[in-house]
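J.: Just so it is clear, I am handing over entry.pdb, which has PDB, C-alpha atoms, pLDDT in the B column.
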ATOM      1  CA  MET A   1     -82.018 -34.032  63.321  1.00 39.00           C
ATOM      2  CA  PRO A   2     -82.532 -30.629  65.019  1.00 40.00           C
ATOM      3  CA  ASP A   3     -79.612 -28.232  64.856  1.00 40.00           C
ATOM      4  CA  PRO A   4     -78.478 -27.860  68.496  1.00 42.00           C
ATOM      5  CA  THR A   5     -75.795 -25.271  67.758  1.00 39.00           C
ATOM      6  CA  PRO A   6     -76.501 -21.580  68.403  1.00 40.00           C
ATOM      7  CA  PRO A   7     -75.470 -18.939  65.848  1.00 39.00           C
ATOM      8  CA  PRO A   8     -71.680 -18.744  65.537  1.00 41.00           C
ATOM      9  CA  ALA A   9     -69.723 -16.013  67.244  1.00 40.00           C
ATOM     10  CA  ARG A  10     -68.491 -13.077  65.210  1.00 36.00           C
ATOM     11  CA  GLY A  11     -65.772 -14.210  62.819  1.00 40.00           C
ATOM     12  CA  GLU A  12     -66.743 -17.859  63.105  1.00 42.00           C
ATOM     13  CA  LEU A  13     -67.853 -20.126  60.293  1.00 43.00           C
ATOM     14  CA  PRO A  14     -71.361 -21.573  60.581  1.00 40.00           C
ATOM     15  CA  VAL A  15     -71.679 -25.189  61.564  1.00 43.00           C
ATOM     16  CA  VAL A  16     -72.136 -27.563  58.630  1.00 44.00           C
ATOM     17  CA  ALA A  17     -75.269 -29.715  58.645  1.00 40.00           C
ATOM     18  CA  LEU A  18     -74.410 -33.246  59.671  1.00 47.00           C
ATOM     19  CA  THR A  19     -76.987 -35.026  57.562  1.00 41.00           C
ATOM     20  CA  PRO A  20     -78.516 -33.993  54.240  1.00 38.00           C
ATOM     21  CA  GLY A  21     -81.955 -32.442  54.289  1.00 37.00           C
ATOM     22  CA  GLY A  22     -81.691 -31.692  58.005  1.00 40.00           C
ATOM     23  CA  ALA A  23     -84.180 -28.842  58.170  1.00 39.00           C
ATOM     24  CA  PRO A  24     -85.095 -27.869  61.740  1.00 43.00           C
ATOM     25  CA  PRO A  25     -88.507 -28.968  62.961  1.00 45.00           C
ATOM     26  CA  ALA A  26     -91.358 -26.493  63.032  1.00 47.00           C
ATOM     27  CA  ARG A  27     -91.436 -26.632  66.809  1.00 51.00           C
ATOM     28  CA  ALA A  28     -89.178 -27.860  69.579  1.00 47.00           C
ATOM     29  CA  PRO A  29     -89.843 -31.318  71.010  1.00 53.00           C
ATOM     30  CA  ARG A  30     -91.607 -31.628  74.337  1.00 64.00           C
ATOM     31  CA  SER A  31     -89.279 -31.658  77.325  1.00 74.00           C
ATOM     32  CA  ASP A  32     -90.075 -35.289  78.151  1.00 80.00           C
ATOM     33  CA  ALA A  33     -89.398 -36.326  74.540  1.00 82.00           C
ATOM     34  CA  ALA A  34     -86.089 -34.440  74.567  1.00 86.00           C
ATOM     35  CA  GLU A  35     -85.165 -36.050  77.884  1.00 89.00           C
ATOM     36  CA  ASN A  36     -85.941 -39.528  76.550  1.00 89.00           C
ATOM     37  CA  ARG A  37     -83.918 -38.844  73.423  1.00 91.00           C
ATOM     38  CA  ARG A  38     -80.919 -37.799  75.513  1.00 91.00           C
ATOM     39  CA  LYS A  39     -81.214 -40.876  77.751  1.00 93.00           C
ATOM     40  CA  ILE A  40     -81.394 -43.181  74.736  1.00 94.00           C
ATOM     41  CA  LEU A  41     -78.430 -41.611  72.944  1.00 93.00           C
ATOM     42  CA  ASP A  42     -76.257 -41.589  76.074  1.00 93.00           C
ATOM     43  CA  ALA A  43     -77.136 -45.217  76.799  1.00 93.00           C
ATOM     44  CA  ALA A  44     -76.376 -46.179  73.192  1.00 92.00           C
ATOM     45  CA  ALA A  45     -72.996 -44.441  73.327  1.00 89.00           C
ATOM     46  CA  ALA A  46     -72.112 -46.244  76.569  1.00 91.00           C
ATOM     47  CA  LEU A  47     -73.076 -49.617  75.093  1.00 90.00           C
ATOM     48  CA  VAL A  48     -70.888 -49.117  72.026  1.00 87.00           C
ATOM     49  CA  ALA A  49     -67.950 -47.871  74.104  1.00 83.00           C
ATOM     50  CA  GLU A  50     -68.147 -50.730  76.620  1.00 87.00           C
ATOM     51  CA  GLN A  51     -69.267 -53.679  74.481  1.00 88.00           C
ATOM     52  CA  GLY A  52     -68.739 -52.692  70.852  1.00 83.00           C
ATOM     53  CA  PRO A  53     -71.208 -51.865  68.083  1.00 84.00           C
ATOM     54  CA  ASP A  54     -72.696 -55.366  68.014  1.00 85.00           C
ATOM     55  CA  ALA A  55     -74.221 -54.662  71.434  1.00 88.00           C
ATOM     56  CA  LEU A  56     -76.337 -51.874  69.967  1.00 89.00           C
ATOM     57  CA  THR A  57     -79.829 -53.392  69.806  1.00 92.00           C
ATOM     58  CA  MET A  58     -83.104 -51.655  70.458  1.00 94.00           C
ATOM     59  CA  ASN A  59     -83.852 -53.914  73.444  1.00 95.00           C
ATOM     60  CA  ALA A  60     -80.412 -53.383  74.975  1.00 95.00           C
ATOM     61  CA  VAL A  61     -80.666 -49.617  74.592  1.00 95.00           C
ATOM     62  CA  ALA A  62     -84.159 -49.608  76.119  1.00 94.00           C
ATOM     63  CA  ARG A  63     -82.905 -51.515  79.172  1.00 94.00           C
ATOM     64  CA  ALA A  64     -79.810 -49.355  79.558  1.00 94.00           C
ATOM     65  CA  SER A  65     -81.714 -46.094  79.203  1.00 93.00           C
ATOM     66  CA  GLY A  66     -84.652 -47.066  81.424  1.00 93.00           C
ATOM     67  CA  THR A  67     -87.158 -46.383  78.657  1.00 92.00           C
ATOM     68  CA  GLY A  68     -89.600 -48.700  76.936  1.00 91.00           C
ATOM     69  CA  VAL A  69     -88.510 -50.469  73.782  1.00 93.00           C
ATOM     70  CA  GLY A  70     -91.542 -48.969  72.052  1.00 93.00           C
ATOM     71  CA  THR A  71     -90.243 -45.495  72.880  1.00 92.00           C
ATOM     72  CA  VAL A  72     -86.876 -46.337  71.328  1.00 93.00           C
ATOM     73  CA  TYR A  73     -88.533 -47.616  68.145  1.00 93.00           C
ATOM     74  CA  ARG A  74     -90.870 -44.612  67.888  1.00 92.00           C
ATOM     75  CA  ARG A  75     -87.988 -42.194  68.357  1.00 91.00           C
ATOM     76  CA  PHE A  76     -85.440 -43.806  66.029  1.00 92.00           C
ATOM     77  CA  GLY A  77     -87.180 -46.446  63.893  1.00 91.00           C
ATOM     78  CA  ASP A  78     -84.427 -49.064  63.764  1.00 91.00           C
ATOM     79  CA  VAL A  79     -80.836 -49.709  64.799  1.00 89.00           C
ATOM     80  CA  GLY A  80     -79.442 -48.080  61.652  1.00 87.00           C
ATOM     81  CA  GLN A  81     -81.278 -44.831  62.311  1.00 89.00           C
ATOM     82  CA  LEU A  82     -80.305 -44.929  65.984  1.00 91.00           C
ATOM     83  CA  PHE A  83     -76.653 -45.398  65.059  1.00 88.00           C
ATOM     84  CA  SER A  84     -76.774 -42.481  62.602  1.00 85.00           C
ATOM     85  CA  ALA A  85     -78.427 -40.267  65.216  1.00 90.00           C
ATOM     86  CA  LEU A  86     -75.741 -41.234  67.724  1.00 90.00           C
ATOM     87  CA  LEU A  87     -72.937 -40.292  65.334  1.00 86.00           C
ATOM     88  CA  ASP A  88     -74.624 -36.955  64.572  1.00 88.00           C
ATOM     89  CA  ASP A  89     -75.247 -36.226  68.245  1.00 90.00           C
ATOM     90  CA  ARG A  90     -71.603 -36.743  69.187  1.00 88.00           C
ATOM     91  CA  GLU A  91     -70.449 -34.622  66.259  1.00 88.00           C
ATOM     92  CA  ALA A  92     -72.894 -31.837  67.154  1.00 90.00           C
ATOM     93  CA  ARG A  93     -71.573 -31.755  70.716  1.00 89.00           C
ATOM     94  CA  PHE A  94     -68.028 -31.517  69.414  1.00 91.00           C
ATOM     95  CA  GLN A  95     -68.950 -28.727  66.994  1.00 90.00           C
ATOM     96  CA  GLU A  96     -70.631 -26.778  69.772  1.00 92.00           C
ATOM     97  CA  ALA A  97     -67.442 -26.967  71.841  1.00 91.00           C
ATOM     98  CA  PHE A  98     -65.187 -25.440  69.194  1.00 91.00           C
ATOM     99  CA  LEU A  99     -67.718 -22.938  67.831  1.00 90.00           C
ATOM    100  CA  THR A 100     -69.101 -21.488  71.062  1.00 93.00           C
ATOM    101  CA  GLY A 101     -67.207 -23.105  73.941  1.00 93.00           C
ATOM    102  CA  PRO A 102     -64.508 -21.539  76.102  1.00 95.00           C
ATOM    103  CA  PRO A 103     -61.015 -20.826  74.740  1.00 96.00           C
ATOM    104  CA  PRO A 104     -58.585 -22.048  73.628  1.00 96.00           C
ATOM    105  CA  LEU A 105     -60.801 -24.546  71.783  1.00 95.00           C
ATOM    106  CA  GLY A 106     -63.604 -22.006  71.428  1.00 94.00           C
ATOM    107  CA  PRO A 107     -63.439 -18.346  70.354  1.00 95.00           C
ATOM    108  CA  GLY A 108     -61.223 -15.878  72.201  1.00 95.00           C
ATOM    109  CA  ALA A 109     -57.749 -17.414  71.915  1.00 96.00           C
ATOM    110  CA  PRO A 110     -55.103 -16.637  69.243  1.00 95.00           C
ATOM    111  CA  PRO A 111     -55.564 -18.768  66.099  1.00 95.00           C
ATOM    112  CA  GLY A 112     -52.392 -20.786  66.722  1.00 94.00           C
ATOM    113  CA  GLU A 113     -53.564 -21.779  70.197  1.00 96.00           C
ATOM    114  CA  ARG A 114     -57.027 -22.594  68.895  1.00 97.00           C
ATOM    115  CA  LEU A 115     -55.645 -24.767  66.114  1.00 96.00           C
ATOM    116  CA  ARG A 116     -53.457 -26.723  68.533  1.00 97.00           C
ATOM    117  CA  ALA A 117     -56.361 -27.132  70.965  1.00 97.00           C
ATOM    118  CA  TYR A 118     -58.564 -28.280  68.089  1.00 97.00           C
ATOM    119  CA  LEU A 119     -56.116 -30.968  66.971  1.00 97.00           C
ATOM    120  CA  HIS A 120     -55.756 -32.184  70.549  1.00 97.00           C
ATOM    121  CA  ALA A 121     -59.537 -32.266  71.006  1.00 96.00           C
ATOM    122  CA  LEU A 122     -59.891 -34.274  67.799  1.00 96.00           C
ATOM    123  CA  ALA A 123     -57.309 -36.750  69.074  1.00 96.00           C
ATOM    124  CA  ASP A 124     -59.189 -37.166  72.351  1.00 95.00           C
ATOM    125  CA  ARG A 125     -62.494 -37.617  70.552  1.00 94.00           C
ATOM    126  CA  PHE A 126     -61.208 -40.175  68.080  1.00 94.00           C
ATOM    127  CA  ILE A 127     -59.632 -42.185  70.890  1.00 93.00           C
ATOM    128  CA  ASP A 128     -62.491 -41.906  73.400  1.00 89.00           C
ATOM    129  CA  GLN A 129     -65.150 -42.709  70.771  1.00 88.00           C
ATOM    130  CA  ARG A 130     -62.958 -45.065  68.759  1.00 88.00           C
ATOM    131  CA  GLU A 131     -65.406 -47.974  68.641  1.00 84.00           C
ATOM    132  CA  LEU A 132     -68.329 -45.769  67.617  1.00 85.00           C
ATOM    133  CA  LEU A 133     -66.393 -43.962  64.889  1.00 86.00           C
ATOM    134  CA  LEU A 134     -64.771 -47.144  63.622  1.00 85.00           C
ATOM    135  CA  ALA A 135     -68.165 -48.831  63.280  1.00 82.00           C
ATOM    136  CA  GLY A 136     -69.446 -45.842  61.364  1.00 78.00           C
ATOM    137  CA  GLU A 137     -66.526 -45.684  58.950  1.00 77.00           C
ATOM    138  CA  THR A 138     -67.904 -46.072  55.456  1.00 66.00           C
ATOM    139  CA  ALA A 139     -66.827 -48.766  53.041  1.00 58.00           C
ATOM    140  CA  ALA A 140     -66.643 -46.135  50.263  1.00 67.00           C
ATOM    141  CA  PRO A 141     -63.224 -44.526  50.816  1.00 70.00           C
ATOM    142  CA  LEU A 142     -64.063 -41.133  49.284  1.00 79.00           C
ATOM    143  CA  ALA A 143     -67.512 -40.697  50.824  1.00 80.00           C
ATOM    144  CA  ARG A 144     -66.173 -39.371  54.136  1.00 83.00           C
ATOM    145  CA  TYR A 145     -64.822 -36.228  52.456  1.00 87.00           C
ATOM    146  CA  SER A 146     -68.310 -35.072  51.449  1.00 86.00           C
ATOM    147  CA  HIS A 147     -69.932 -35.867  54.801  1.00 84.00           C
ATOM    148  CA  GLY A 148     -71.032 -32.917  56.901  1.00 86.00           C
ATOM    149  CA  SER A 149     -68.798 -33.830  59.832  1.00 88.00           C
ATOM    150  CA  HIS A 150     -65.632 -33.735  57.720  1.00 91.00           C
ATOM    151  CA  LEU A 151     -66.742 -30.580  55.898  1.00 93.00           C
ATOM    152  CA  GLY A 152     -67.320 -28.838  59.216  1.00 92.00           C
ATOM    153  CA  ARG A 153     -63.901 -29.813  60.554  1.00 94.00           C
ATOM    154  CA  HIS A 154     -62.212 -28.752  57.331  1.00 96.00           C
ATOM    155  CA  ALA A 155     -63.981 -25.378  57.214  1.00 96.00           C
ATOM    156  CA  HIS A 156     -63.027 -24.585  60.815  1.00 96.00           C
ATOM    157  CA  MET A 157     -59.403 -25.612  60.395  1.00 96.00           C
ATOM    158  CA  ALA A 158     -59.035 -23.770  57.092  1.00 97.00           C
ATOM    159  CA  MET A 159     -60.390 -20.590  58.722  1.00 96.00           C
ATOM    160  CA  LEU A 160     -57.722 -20.744  61.439  1.00 96.00           C
ATOM    161  CA  LEU A 161     -54.968 -21.540  58.939  1.00 96.00           C
ATOM    162  CA  ARG A 162     -55.919 -18.535  56.782  1.00 96.00           C
ATOM    163  CA  GLN A 163     -55.426 -16.320  59.819  1.00 95.00           C
ATOM    164  CA  LEU A 164     -52.047 -17.881  60.538  1.00 94.00           C
ATOM    165  CA  ARG A 165     -50.716 -18.320  56.985  1.00 94.00           C
ATOM    166  CA  PRO A 166     -52.638 -15.978  54.642  1.00 94.00           C
ATOM    167  CA  GLU A 167     -50.200 -16.687  51.790  1.00 93.00           C
ATOM    168  CA  ALA A 168     -50.644 -20.464  51.951  1.00 93.00           C
ATOM    169  CA  ASP A 169     -53.279 -22.792  50.494  1.00 95.00           C
ATOM    170  CA  ALA A 170     -55.285 -23.097  53.703  1.00 96.00           C
ATOM    171  CA  ALA A 171     -57.806 -25.526  52.223  1.00 96.00           C
ATOM    172  CA  LEU A 172     -55.057 -27.979  51.233  1.00 96.00           C
ATOM    173  CA  LEU A 173     -53.188 -27.616  54.523  1.00 94.00           C
ATOM    174  CA  ALA A 174     -56.393 -28.286  56.419  1.00 96.00           C
ATOM    175  CA  GLN A 175     -56.978 -31.523  54.516  1.00 96.00           C
ATOM    176  CA  LEU A 176     -53.434 -32.693  55.210  1.00 94.00           C
ATOM    177  CA  LEU A 177     -53.702 -31.911  58.920  1.00 95.00           C
ATOM    178  CA  LEU A 178     -57.013 -33.786  59.065  1.00 96.00           C
ATOM    179  CA  ALA A 179     -55.606 -36.829  57.259  1.00 94.00           C
ATOM    180  CA  PRO A 180     -54.514 -38.612  60.479  1.00 94.00           C
ATOM    181  CA  PHE A 181     -58.064 -38.493  61.811  1.00 95.00           C
ATOM    182  CA  THR A 182     -59.516 -41.590  60.257  1.00 92.00           C
ATOM    183  CA  PRO A 183     -61.058 -44.098  62.676  1.00 91.00           C
ATOM    184  CA  SER A 184     -59.139 -47.054  61.259  1.00 92.00           C
ATOM    185  CA  LEU A 185     -55.765 -45.290  61.584  1.00 95.00           C
ATOM    186  CA  VAL A 186     -56.479 -44.140  65.146  1.00 95.00           C
ATOM    187  CA  ALA A 187     -57.596 -47.669  66.063  1.00 93.00           C
ATOM    188  CA  HIS A 188     -54.423 -49.110  64.525  1.00 95.00           C
ATOM    189  CA  LEU A 189     -52.139 -46.673  66.321  1.00 96.00           C
ATOM    190  CA  THR A 190     -53.800 -46.984  69.743  1.00 95.00           C
ATOM    191  CA  ARG A 191     -54.951 -50.607  69.806  1.00 92.00           C
ATOM    192  CA  GLU A 192     -52.320 -52.371  67.726  1.00 95.00           C
ATOM    193  CA  ARG A 193     -49.289 -50.116  68.132  1.00 96.00           C
ATOM    194  CA  GLY A 194     -50.015 -48.997  71.693  1.00 96.00           C
ATOM    195  CA  TYR A 195     -49.582 -45.259  71.228  1.00 97.00           C
ATOM    196  CA  THR A 196     -51.099 -43.088  73.952  1.00 97.00           C
ATOM    197  CA  ALA A 197     -53.136 -39.925  73.549  1.00 96.00           C
ATOM    198  CA  GLY A 198     -50.153 -37.927  74.763  1.00 97.00           C
ATOM    199  CA  GLN A 199     -47.881 -39.427  72.127  1.00 97.00           C
ATOM    200  CA  LEU A 200     -50.370 -38.710  69.360  1.00 97.00           C
ATOM    201  CA  LYS A 201     -50.761 -35.111  70.515  1.00 97.00           C
ATOM    202  CA  SER A 202     -46.988 -34.649  70.638  1.00 97.00           C
ATOM    203  CA  ALA A 203     -46.716 -35.905  67.052  1.00 96.00           C
ATOM    204  CA  LEU A 204     -49.525 -33.564  65.993  1.00 96.00           C
ATOM    205  CA  ASP A 205     -47.653 -30.665  67.614  1.00 96.00           C
ATOM    206  CA  THR A 206     -44.632 -31.548  65.469  1.00 95.00           C
ATOM    207  CA  LEU A 207     -46.775 -31.566  62.312  1.00 92.00           C
ATOM    208  CA  LEU A 208     -48.376 -28.260  63.252  1.00 92.00           C
ATOM    209  CA  ALA A 209     -45.012 -26.625  63.975  1.00 93.00           C
ATOM    210  CA  GLY A 210     -43.873 -27.530  60.484  1.00 89.00           C
ATOM    211  CA  VAL A 211     -47.000 -26.049  58.939  1.00 85.00           C
ATOM    212  CA  LEU A 212     -46.702 -22.819  60.889  1.00 84.00           C
ATOM    213  CA  ALA A 213     -42.973 -22.447  60.205  1.00 83.00           C
ATOM    214  CA  GLY A 214     -43.577 -22.095  56.493  1.00 70.00           C
ATOM    215  CA  PRO A 215     -41.034 -22.593  53.697  1.00 69.00           C
TER     216      PRO A 215
END
Can you turn what I pasted into structure tokens?

T.:
Amino acid sequence: MPDPTPPPARGELPVVALTPGGAPPARAPRSDAAENRRKILDAAAALVAEQGPDALTMNAVARASGTGVGTVYRRFGDVGQLFSALLDDREARFQEAFLTGPPPLGPGAPPGERLRAYLHALADRFIDQRELLLAGETAAPLARYSHGSHLGRHAHMAMLLRQLRPEADAALLAQLLLAPFTPSLVAHLTRERGYTAGQLKSALDTLLAGVLAGP
């Protein structure tokens, strides 16, 4: 998958590759190919959000995106590859927002404000894309911690925590603050327990206040 993220701003950590071996292509895709790719990925995301992951078939995505089914197969190969590309695309968009987007999520705000904005943005993403992320949750419990998406989130959060609490173990604190962001837990809290995004963010604020208060 091409790396869509520009070089990080001064003081920022570089984005972590989402998939192994993701070397950039020798040349950029043609504009029509890039446009088709975007249409297909957006249509696939809408299908999963509206109908669940079982609705993600090559024929359904072709119809929803207004492209030929042959184009979908040539671009992504099969449903598994399409699903992986969709997960990576959504993660890349999220990474771009916190690495180069406007403050407080992006650079330019104090680290405490950025960390709070980051936790809130994660909550929104995990709720809005709940079905997609839940379908992509691996059956191997420990595998998620070595995936590029988790490594990128951890690196960014640890950087902000080091600025806020230089005496603390920022790497450990970052893991603990990321612990609530598992698709199955978010699905349980929002679907089965009925918690709203606002309630989750308020609880995250309480956790963050405890971290920042120190011993």

J.: Write out as a PyMOL selection string the residues lying within 6 Å of stretch 109-122 of chain A, counting all atoms listed in the file and excluding same-chain residues fewer than 3 positions away.

T.: chain A and resi 103-105+125+160+201

J.: Find, counting only C-alpha atoms, the residue in A:Ala34, A:Leu134, A:Ala85, A:Ile40 that gets nearest to A:Ser65.

T.: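 Closest candidate: A:Ile40.
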
J.: Measuring atom to atom with all atoms listed in the file, identify which of A:Thr196, A:Thr57, A:Thr67, A:Gln95 is nearest to A:Gly80.

T.: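 Of A:Thr196, A:Thr57, A:Thr67, A:Gln95, the one nearest A:Gly80, counting all atoms listed in the file, is A:Thr57.
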
J.: Which residues, named as in the file, does the PyMOL selection byres ((chain A and resi 204) around 10) pick out? Answer as a list in words.

T.: Arg116, Leu119, His120, Ala123, Leu177, Pro180, Gly198, Gln199, Leu200, Lys201, Ser202, Ala203, Asp205, Thr206, Leu207, Leu208, Ala209 and Gly210 of chain A

J.: For atom CA of A:Val61 and atom CA of A:Leu41, quote the distance in Å rounded to one decimal.

T.: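 Distance between the two atoms: 8.5 Å.
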
J.: Looking at only C-alpha atoms, which of A:Leu56, A:Ala64, A:Ala92, A:Ala179 is the one that sits closest to A:Asp78?

T.: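 Ranking A:Leu56, A:Ala64, A:Ala92, A:Ala179 by distance to A:Asp78, first place goes to A:Leu56.
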
J.: Could you write out as a short mmCIF file (atom, residue, chain, number, x, y, z; two decimals) with C-alpha atoms, keeping the file's coordinate frame the residues that the PyMOL selection byres ((chain A and resi 53) around 10) matches in the shown file?

T.:
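Once everything was written out, this is part-v7.cif:
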data_model
loop_
_atom_site.label_atom_id
_atom_site.label_comp_id
_atom_site.auth_asym_id
_atom_site.auth_seq_id
_atom_site.Cartn_x
_atom_site.Cartn_y
_atom_site.Cartn_z
CA ALA A 44 -76.38 -46.18 73.19
CA ALA A 45 -73.00 -44.44 73.33
CA LEU A 47 -73.08 -49.62 75.09
CA VAL A 48 -70.89 -49.12 72.03
CA ALA A 49 -67.95 -47.87 74.10
CA GLU A 50 -68.15 -50.73 76.62
CA GLN A 51 -69.27 -53.68 74.48
CA GLY A 52 -68.74 -52.69 70.85
CA ASP A 54 -72.70 -55.37 68.01
CA ALA A 55 -74.22 -54.66 71.43
CA LEU A 56 -76.34 -51.87 69.97
CA THR A 57 -79.83 -53.39 69.81
CA PHE A 83 -76.65 -45.40 65.06
CA GLU A 131 -65.41 -47.97 68.64
CA LEU A 132 -68.33 -45.77 67.62
CA LEU A 133 -66.39 -43.96 64.89
CA LEU A 134 -64.77 -47.14 63.62
CA ALA A 135 -68.17 -48.83 63.28
CA GLY A 136 -69.45 -45.84 61.36
#

J.: What is the distance, in Å and to one decimal place, between atom CA of A:Gly152 and atom CA of A:Leu86?

T.: 17.2 Å

J.: Hey, can you check how far atom CA of A:Gln175 sits from atom CA of A:Glu137?

T.: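 According to the coordinates, atom CA of A:Gln175 and atom CA of A:Glu137 are separated by 17.6 Å.
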
J.: Taking the file as I've supplied it (selection: the PyMOL selection byres ((chain A and resi 71-75) around 9)), which residues are included? Please answer as a list of chain:residue names.

T.: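 In the shown coordinates, the PyMOL selection byres ((chain A and resi 71-75) around 9) covers A:Ala33, A:Asn36, A:Arg37, A:Ile40, A:Met58, A:Asn59, A:Val61, A:Ala62, A:Thr67, A:Gly68, A:Val69, A:Gly70, A:Phe76, A:Gly77, A:Asp78, A:Val79, A:Leu82.
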
J.: Centre and edge lengths of an axis-aligned box around all listed atoms of stretch 171-183 of chain A, with 3 Å added on each side, are to be given in Å to one decimal, as lines of an AutoDock Vina configuration file.

T.:
center_x = -57.1
center_y = -34.8
center_z = 57.0
size_x = 13.9
size_y = 24.6
size_z = 17.4

J.: Mind checking which residues fall within 10 Å of A:Ala174, counting all atoms listed in the file, ignoring those fewer than 5 positions away in the same chain, and posting them as a PDB file with C-alpha atoms, keeping the file's coordinate frame?

T.:
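Wrote out.pdb, looks like this:
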ATOM      1  CA  ARG A 153     -63.901 -29.813  60.554  1.00 94.00           C
ATOM      2  CA  HIS A 154     -62.212 -28.752  57.331  1.00 96.00           C
ATOM      3  CA  ALA A 155     -63.981 -25.378  57.214  1.00 96.00           C
ATOM      4  CA  HIS A 156     -63.027 -24.585  60.815  1.00 96.00           C
ATOM      5  CA  MET A 157     -59.403 -25.612  60.395  1.00 96.00           C
ATOM      6  CA  ALA A 158     -59.035 -23.770  57.092  1.00 97.00           C
ATOM      7  CA  MET A 159     -60.390 -20.590  58.722  1.00 96.00           C
ATOM      8  CA  LEU A 160     -57.722 -20.744  61.439  1.00 96.00           C
ATOM      9  CA  LEU A 161     -54.968 -21.540  58.939  1.00 96.00           C
ATOM     10  CA  ARG A 162     -55.919 -18.535  56.782  1.00 96.00           C
ATOM     11  CA  ASP A 169     -53.279 -22.792  50.494  1.00 95.00           C
ATOM     12  CA  ALA A 179     -55.606 -36.829  57.259  1.00 94.00           C
ATOM     13  CA  VAL A 211     -47.000 -26.049  58.939  1.00 85.00           C
TER      14      VAL A 211
END
